[in-house]
Every structure is written in C-alpha cells, then in structure tokens.
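Below is input.cif, which holds mmCIF, N, CA and C atoms and all ligand atoms.
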```
data_input
loop_
_atom_site.label_atom_id
_atom_site.label_comp_id
_atom_site.auth_asym_id
_atom_site.auth_seq_id
_atom_site.Cartn_x
_atom_site.Cartn_y
_atom_site.Cartn_z
N MET A 4 61.20 68.10 166.23
CA MET A 4 60.76 69.40 166.74
C MET A 4 61.78 70.00 167.70
N LYS A 5 62.39 69.13 168.51
CA LYS A 5 63.40 69.57 169.48
C LYS A 5 64.63 70.10 168.77
N TYR A 6 65.02 69.42 167.67
CA TYR A 6 66.19 69.83 166.89
C TYR A 6 65.97 71.17 166.19
N LEU A 7 64.73 71.36 165.77
CA LEU A 7 64.38 72.61 165.10
C LEU A 7 64.55 73.79 166.07
N LEU A 8 64.17 73.57 167.31
CA LEU A 8 64.28 74.60 168.35
C LEU A 8 65.75 74.91 168.64
N ILE A 9 66.57 73.86 168.73
CA ILE A 9 68.01 74.03 168.98
C ILE A 9 68.67 74.77 167.81
N PHE A 10 68.26 74.38 166.58
CA PHE A 10 68.79 75.03 165.38
C PHE A 10 68.43 76.52 165.37
N GLY A 11 67.18 76.80 165.70
CA GLY A 11 66.71 78.19 165.74
C GLY A 11 67.46 79.01 166.78
N LEU A 12 67.69 78.40 167.93
CA LEU A 12 68.42 79.08 169.01
C LEU A 12 69.87 79.37 168.59
N THR A 13 70.48 78.37 167.92
CA THR A 13 71.86 78.53 167.44
C THR A 13 71.95 79.69 166.45
N ILE A 14 71.02 79.75 165.52
CA ILE A 14 70.97 80.84 164.53
C ILE A 14 70.82 82.19 165.23
N ALA A 15 69.91 82.20 166.23
CA ALA A 15 69.66 83.44 166.96
C ALA A 15 70.92 83.91 167.71
N VAL A 16 71.63 82.96 168.32
CA VAL A 16 72.85 83.29 169.07
C VAL A 16 73.93 83.84 168.12
N ILE A 17 74.09 83.17 166.98
CA ILE A 17 75.09 83.62 165.99
C ILE A 17 74.74 85.02 165.47
N TRP A 18 73.46 85.23 165.19
CA TRP A 18 72.99 86.51 164.67
C TRP A 18 73.25 87.64 165.69
N LEU A 19 72.94 87.35 166.96
CA LEU A 19 73.17 88.34 168.01
C LEU A 19 74.66 88.62 168.21
N TRP A 20 75.47 87.56 168.15
CA TRP A 20 76.92 87.67 168.34
C TRP A 20 77.55 88.53 167.24
N GLN A 21 77.08 88.28 165.99
CA GLN A 21 77.61 89.06 164.87
C GLN A 21 77.21 90.53 164.95
N GLY A 22 75.98 90.76 165.39
CA GLY A 22 75.50 92.14 165.53
C GLY A 22 76.29 92.89 166.58
N LYS A 23 76.59 92.22 167.69
CA LYS A 23 77.37 92.80 168.77
C LYS A 23 78.79 93.13 168.29
N ARG A 24 79.35 92.18 167.52
CA ARG A 24 80.71 92.34 167.00
C ARG A 24 80.80 93.51 166.03
N ARG A 25 79.76 93.65 165.18
CA ARG A 25 79.73 94.72 164.20
C ARG A 25 79.66 96.09 164.88
N SER A 26 78.81 96.18 165.92
CA SER A 26 78.69 97.45 166.63
C SER A 26 79.97 97.78 167.38
N ALA A 27 80.66 96.74 167.86
CA ALA A 27 81.93 96.95 168.55
C ALA A 27 82.98 97.48 167.58
N LEU A 28 82.95 96.96 166.35
CA LEU A 28 83.90 97.41 165.32
C LEU A 28 83.65 98.85 164.91
N THR A 29 82.39 99.20 164.74
CA THR A 29 82.07 100.58 164.35
C THR A 29 82.41 101.54 165.48
N GLU A 30 82.22 101.07 166.71
CA GLU A 30 82.56 101.90 167.88
C GLU A 30 84.08 102.14 167.92
N LYS A 31 84.83 101.10 167.61
CA LYS A 31 86.29 101.20 167.58
C LYS A 31 86.75 102.18 166.51
N ALA A 32 86.11 102.11 165.34
CA ALA A 32 86.44 103.00 164.22
C ALA A 32 86.11 104.44 164.58
N ARG A 33 84.99 104.62 165.28
CA ARG A 33 84.56 105.96 165.68
C ARG A 33 85.56 106.57 166.67
N GLN A 34 86.10 105.70 167.54
CA GLN A 34 87.06 106.18 168.54
C GLN A 34 88.40 106.53 167.91
N GLN A 35 88.74 105.85 166.81
CA GLN A 35 90.02 106.10 166.15
C GLN A 35 89.99 107.33 165.26
N LYS A 36 88.81 107.71 164.79
CA LYS A 36 88.68 108.84 163.86
C LYS A 36 89.24 110.16 164.38
N PRO A 37 88.90 110.59 165.62
CA PRO A 37 89.40 111.89 166.07
C PRO A 37 90.92 112.03 166.04
N LYS A 38 91.63 110.90 166.14
CA LYS A 38 93.10 110.95 166.11
C LYS A 38 93.61 111.46 164.77
N THR A 39 92.97 111.01 163.68
CA THR A 39 93.40 111.43 162.35
C THR A 39 92.97 112.87 162.06
N GLN A 40 91.87 113.29 162.71
CA GLN A 40 91.37 114.65 162.46
C GLN A 40 92.11 115.68 163.30
N GLY A 41 92.85 115.24 164.30
CA GLY A 41 93.55 116.16 165.21
C GLY A 41 94.79 116.78 164.60
N ARG A 42 94.59 117.54 163.54
CA ARG A 42 95.71 118.22 162.89
C ARG A 42 96.09 119.47 163.70
N PRO A 43 97.36 119.80 163.78
CA PRO A 43 97.73 121.03 164.50
C PRO A 43 97.23 122.25 163.75
N ARG A 44 96.65 123.16 164.50
CA ARG A 44 96.10 124.35 163.87
C ARG A 44 97.21 125.27 163.35
N GLN A 45 97.01 125.80 162.17
CA GLN A 45 98.01 126.70 161.60
C GLN A 45 97.88 128.07 162.25
N LEU A 46 99.02 128.60 162.66
CA LEU A 46 99.01 129.92 163.27
C LEU A 46 98.88 130.97 162.18
N PRO A 47 98.13 132.05 162.43
CA PRO A 47 98.00 133.08 161.41
C PRO A 47 99.35 133.78 161.20
N THR A 48 99.62 134.09 159.95
CA THR A 48 100.88 134.75 159.64
C THR A 48 100.81 136.21 160.11
N THR A 49 101.88 136.66 160.73
CA THR A 49 101.90 138.02 161.25
C THR A 49 102.61 138.94 160.26
N THR A 50 102.13 140.15 160.19
CA THR A 50 102.71 141.16 159.31
C THR A 50 103.36 142.22 160.18
N GLU A 51 104.62 142.49 159.94
CA GLU A 51 105.32 143.52 160.70
C GLU A 51 104.92 144.90 160.18
N ILE A 52 104.54 145.76 161.10
CA ILE A 52 104.12 147.12 160.73
C ILE A 52 105.27 148.07 161.03
N VAL A 53 105.58 148.90 160.06
CA VAL A 53 106.65 149.89 160.23
C VAL A 53 106.07 151.29 159.98
N ALA A 54 106.78 152.30 160.47
CA ALA A 54 106.35 153.69 160.30
C ALA A 54 107.28 154.41 159.33
N CYS A 55 106.70 155.23 158.50
CA CYS A 55 107.48 156.03 157.54
C CYS A 55 108.33 157.03 158.31
N ASP A 56 109.58 157.21 157.90
CA ASP A 56 110.49 158.12 158.59
C ASP A 56 110.12 159.59 158.36
N VAL A 57 109.34 159.86 157.33
CA VAL A 57 108.98 161.25 157.01
C VAL A 57 107.63 161.63 157.62
N CYS A 58 106.59 160.87 157.29
CA CYS A 58 105.24 161.24 157.74
C CYS A 58 104.72 160.35 158.87
N SER A 59 105.48 159.37 159.29
CA SER A 59 105.13 158.46 160.40
C SER A 59 103.87 157.63 160.15
N VAL A 60 103.49 157.51 158.89
CA VAL A 60 102.33 156.68 158.59
C VAL A 60 102.73 155.20 158.77
N HIS A 61 101.83 154.41 159.33
CA HIS A 61 102.11 152.99 159.56
C HIS A 61 101.66 152.15 158.38
N LEU A 62 102.52 151.24 157.97
CA LEU A 62 102.21 150.36 156.85
C LEU A 62 102.96 149.05 157.00
N PRO A 63 102.48 148.00 156.36
CA PRO A 63 103.19 146.72 156.44
C PRO A 63 104.58 146.82 155.82
N ARG A 64 105.53 146.08 156.42
CA ARG A 64 106.90 146.14 155.91
C ARG A 64 106.99 145.70 154.45
N THR A 65 106.10 144.81 154.04
CA THR A 65 106.12 144.32 152.65
C THR A 65 105.75 145.43 151.67
N GLU A 66 105.00 146.45 152.13
CA GLU A 66 104.59 147.55 151.24
C GLU A 66 105.49 148.77 151.40
N ALA A 67 106.36 148.78 152.39
CA ALA A 67 107.23 149.94 152.64
C ALA A 67 108.47 149.88 151.77
N LEU A 68 109.06 151.05 151.54
CA LEU A 68 110.32 151.13 150.79
C LEU A 68 111.45 151.09 151.81
N THR A 69 112.14 149.99 151.82
CA THR A 69 113.19 149.79 152.83
C THR A 69 114.58 149.70 152.18
N ASN A 70 114.66 149.99 150.89
CA ASN A 70 115.95 149.84 150.21
C ASN A 70 116.90 151.03 150.44
N GLY A 71 116.39 152.10 151.04
CA GLY A 71 117.24 153.27 151.30
C GLY A 71 117.84 153.20 152.70
N ARG A 72 118.10 154.36 153.30
CA ARG A 72 118.68 154.41 154.65
C ARG A 72 117.61 154.19 155.72
N GLY A 73 116.37 154.53 155.36
CA GLY A 73 115.30 154.37 156.34
C GLY A 73 114.13 153.60 155.77
N VAL A 74 112.98 153.80 156.40
CA VAL A 74 111.75 153.14 155.97
C VAL A 74 110.78 154.23 155.52
N TYR A 75 110.24 154.09 154.31
CA TYR A 75 109.38 155.13 153.76
C TYR A 75 108.10 154.53 153.19
N CYS A 76 107.05 155.36 153.17
CA CYS A 76 105.76 154.90 152.66
C CYS A 76 105.70 155.02 151.15
N SER A 77 106.48 155.95 150.59
CA SER A 77 106.43 156.15 149.14
C SER A 77 107.80 156.59 148.62
N GLU A 78 107.94 156.55 147.30
CA GLU A 78 109.17 156.98 146.65
C GLU A 78 109.41 158.48 146.90
N ALA A 79 108.33 159.27 146.93
CA ALA A 79 108.43 160.72 147.16
C ALA A 79 109.04 161.01 148.52
N HIS A 80 108.62 160.26 149.54
CA HIS A 80 109.16 160.48 150.89
C HIS A 80 110.59 159.97 151.01
N ARG A 81 110.92 158.95 150.25
CA ARG A 81 112.31 158.46 150.25
C ARG A 81 113.23 159.52 149.64
N ARG A 82 112.75 160.14 148.54
CA ARG A 82 113.54 161.20 147.86
C ARG A 82 113.64 162.42 148.76
N GLN A 83 112.54 162.74 149.45
CA GLN A 83 112.50 163.92 150.34
C GLN A 83 113.51 163.76 151.48
N ALA A 84 113.63 162.55 152.00
CA ALA A 84 114.51 162.29 153.14
C ALA A 84 115.98 162.12 152.71
N GLU A 85 116.18 161.47 151.58
CA GLU A 85 117.54 161.14 151.17
C GLU A 85 118.08 162.04 150.05
N GLY A 86 117.22 162.84 149.48
CA GLY A 86 117.66 163.79 148.46
C GLY A 86 117.80 163.22 147.07
ZN ZN B 101 105.60 158.82 154.32
#
```
Any chance you could put this one into structure tokens?
Amino acid sequence: MKYLLIFGLTIAVIWLWQGKRRSALTEKARQQKPKTQGRPRQLPTTTEIVACDVCSVHLPRTEALTNGRGVYCSEAHRRQAEG
C-alpha cells in the first residue's frame, strides 16, 4: 500500500512537471512570434504632380506629356505651345 502511494505521487509529479514544461514551451513560442511578424511597413509610393504649361491643370507626371520642351496635359496643348 505504501509503494502504491509513492508510485502515485511519482506519476503525479512527472505529470505536473511535463505540464509546466509544455506551457513554458508554448509561452516561449508565443514570445518569439512577434519577431517574425515585425516586417517593415512599406511606404506608399508617391506620385509627382506637374502643371500643364498652357492651361496650368495639375496631373500626375506619368500622365503628362513631357517629351517636348515643357509639360503638357494633352497633345493639343503641346502643339499649341510648340507649334
Ligand atoms: Zn493643358
């Protein structure tokens, strides 16, 4: 009967020790997770705004006609300015 009690206590101690160890491991994993998630935020791409030399309308540089002497909103204004 005495041995049965010691055996039971040993099992209980091992069970408690393993449970503690498991929770410690999950806690460690939880603490390590934010490091991998901490990606640097991407900055929004900026669009340069230019004004047409003829009508002064503002438009993104990607949509403006910049192949002439100035910056124009349309082919008509480029022709009007450059002839
Ligand atoms: Zn224009």
Legend entry - Nearby polymer residues, ligand ZN 101 (chain B), at most 7 Å, only C-alpha atoms and all ligand atoms, as a VMD selection string: chain A and resid 55 to 60 75 to 77 80
Inset, instruction - Could you tell me how far atom N of A:Val16 lies from atom C of A:Thr29, in Å and to one decimal? - result: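 So the two atoms, atom N of A:Val16 and atom C of A:Thr29, lie 21.7 Å apart.
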Inset, instruction - Would you please extract all alpha helix (DSSP H) residues from stretch 8-61 of chain A, as assigned by DSSP on the backbone, and give them as a PyMOL selection string? - result: chain A and resi 8-40
Write a file of the just-selected residues containing N, CA and C atoms, as a compact mmCIF listing (two decimals), in the coordinates of the input.
```txt
# COMPACT_ATOMS: atom_id res chain seq x y z
N LEU A 8 64.17 73.57 167.31
CA LEU A 8 64.28 74.60 168.35
C LEU A 8 65.75 74.91 168.64
N ILE A 9 66.57 73.86 168.73
CA ILE A 9 68.01 74.03 168.98
C ILE A 9 68.67 74.77 167.81
N PHE A 10 68.26 74.38 166.58
CA PHE A 10 68.79 75.03 165.38
C PHE A 10 68.43 76.52 165.37
N GLY A 11 67.18 76.80 165.70
CA GLY A 11 66.71 78.19 165.74
C GLY A 11 67.46 79.01 166.78
N LEU A 12 67.69 78.40 167.93
CA LEU A 12 68.42 79.08 169.01
C LEU A 12 69.87 79.37 168.59
N THR A 13 70.48 78.37 167.92
CA THR A 13 71.86 78.53 167.44
C THR A 13 71.95 79.69 166.45
N ILE A 14 71.02 79.75 165.52
CA ILE A 14 70.97 80.84 164.53
C ILE A 14 70.82 82.19 165.23
N ALA A 15 69.91 82.20 166.23
CA ALA A 15 69.66 83.44 166.96
C ALA A 15 70.92 83.91 167.71
N VAL A 16 71.63 82.96 168.32
CA VAL A 16 72.85 83.29 169.07
C VAL A 16 73.93 83.84 168.12
N ILE A 17 74.09 83.17 166.98
CA ILE A 17 75.09 83.62 165.99
C ILE A 17 74.74 85.02 165.47
N TRP A 18 73.46 85.23 165.19
CA TRP A 18 72.99 86.51 164.67
C TRP A 18 73.25 87.64 165.69
N LEU A 19 72.94 87.35 166.96
CA LEU A 19 73.17 88.34 168.01
C LEU A 19 74.66 88.62 168.21
N TRP A 20 75.47 87.56 168.15
CA TRP A 20 76.92 87.67 168.34
C TRP A 20 77.55 88.53 167.24
N GLN A 21 77.08 88.28 165.99
CA GLN A 21 77.61 89.06 164.87
C GLN A 21 77.21 90.53 164.95
N GLY A 22 75.98 90.76 165.39
CA GLY A 22 75.50 92.14 165.53
C GLY A 22 76.29 92.89 166.58
N LYS A 23 76.59 92.22 167.69
CA LYS A 23 77.37 92.80 168.77
C LYS A 23 78.79 93.13 168.29
N ARG A 24 79.35 92.18 167.52
CA ARG A 24 80.71 92.34 167.00
C ARG A 24 80.80 93.51 166.03
N ARG A 25 79.76 93.65 165.18
CA ARG A 25 79.73 94.72 164.20
C ARG A 25 79.66 96.09 164.88
N SER A 26 78.81 96.18 165.92
CA SER A 26 78.69 97.45 166.63
C SER A 26 79.97 97.78 167.38
N ALA A 27 80.66 96.74 167.86
CA ALA A 27 81.93 96.95 168.55
C ALA A 27 82.98 97.48 167.58
N LEU A 28 82.95 96.96 166.35
CA LEU A 28 83.90 97.41 165.32
C LEU A 28 83.65 98.85 164.91
N THR A 29 82.39 99.20 164.74
CA THR A 29 82.07 100.58 164.35
C THR A 29 82.41 101.54 165.48
N GLU A 30 82.22 101.07 166.71
CA GLU A 30 82.56 101.90 167.88
C GLU A 30 84.08 102.14 167.92
N LYS A 31 84.83 101.10 167.61
CA LYS A 31 86.29 101.20 167.58
C LYS A 31 86.75 102.18 166.51
N ALA A 32 86.11 102.11 165.34
CA ALA A 32 86.44 103.00 164.22
C ALA A 32 86.11 104.44 164.58
N ARG A 33 84.99 104.62 165.28
CA ARG A 33 84.56 105.96 165.68
C ARG A 33 85.56 106.57 166.67
N GLN A 34 86.10 105.70 167.54
CA GLN A 34 87.06 106.18 168.54
C GLN A 34 88.40 106.53 167.91
N GLN A 35 88.74 105.85 166.81
CA GLN A 35 90.02 106.10 166.15
C GLN A 35 89.99 107.33 165.26
N LYS A 36 88.81 107.71 164.79
CA LYS A 36 88.68 108.84 163.86
C LYS A 36 89.24 110.16 164.38
N PRO A 37 88.90 110.59 165.62
CA PRO A 37 89.40 111.89 166.07
C PRO A 37 90.92 112.03 166.04
N LYS A 38 91.63 110.90 166.14
CA LYS A 38 93.10 110.95 166.11
C LYS A 38 93.61 111.46 164.77
N THR A 39 92.97 111.01 163.68
CA THR A 39 93.40 111.43 162.35
C THR A 39 92.97 112.87 162.06
N GLN A 40 91.87 113.29 162.71
CA GLN A 40 91.37 114.65 162.46
C GLN A 40 92.11 115.68 163.30
```
Legend entry - All residues 12 Å or closer to stretch 65-71 of chain A, only C-alpha atoms, same chain fewer than 6 positions away omitted, as an NGL selection string: :A and (49-57 or 59 or 77-86)
Legend entry - Pairwise distance for atom CA of A:Trp20 and atom CA of A:Met4, rounded to one decimal in Å: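 Separating atom CA of A:Trp20 from atom CA of A:Met4 is a distance of 24.4 Å.
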Legend entry - DSSP-assigned strand (DSSP E or B) among chain A, expressed as a list in words: Ile52, Val53, Ala54, His61, Leu62, Pro63, Leu68 and Tyr75 of chain A
Legend entry - d(atom N of A:Leu19, atom CA of A:Leu7) in Å: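 Rounded to one decimal, the two atoms are 17.1 Å apart.
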I'd like the box whose edges run along x, y and z of the file and which contains every listed atom of stretch 55-66 of chain A, padded by 4 Å per side; could you state its centre and edge lengths in Å, one decimal, as JSON?
```
{"center_x": 106.1, "center_y": 153.0, "center_z": 155.8, "size_x": 16.8, "size_y": 25.3, "size_z": 17.2}
```
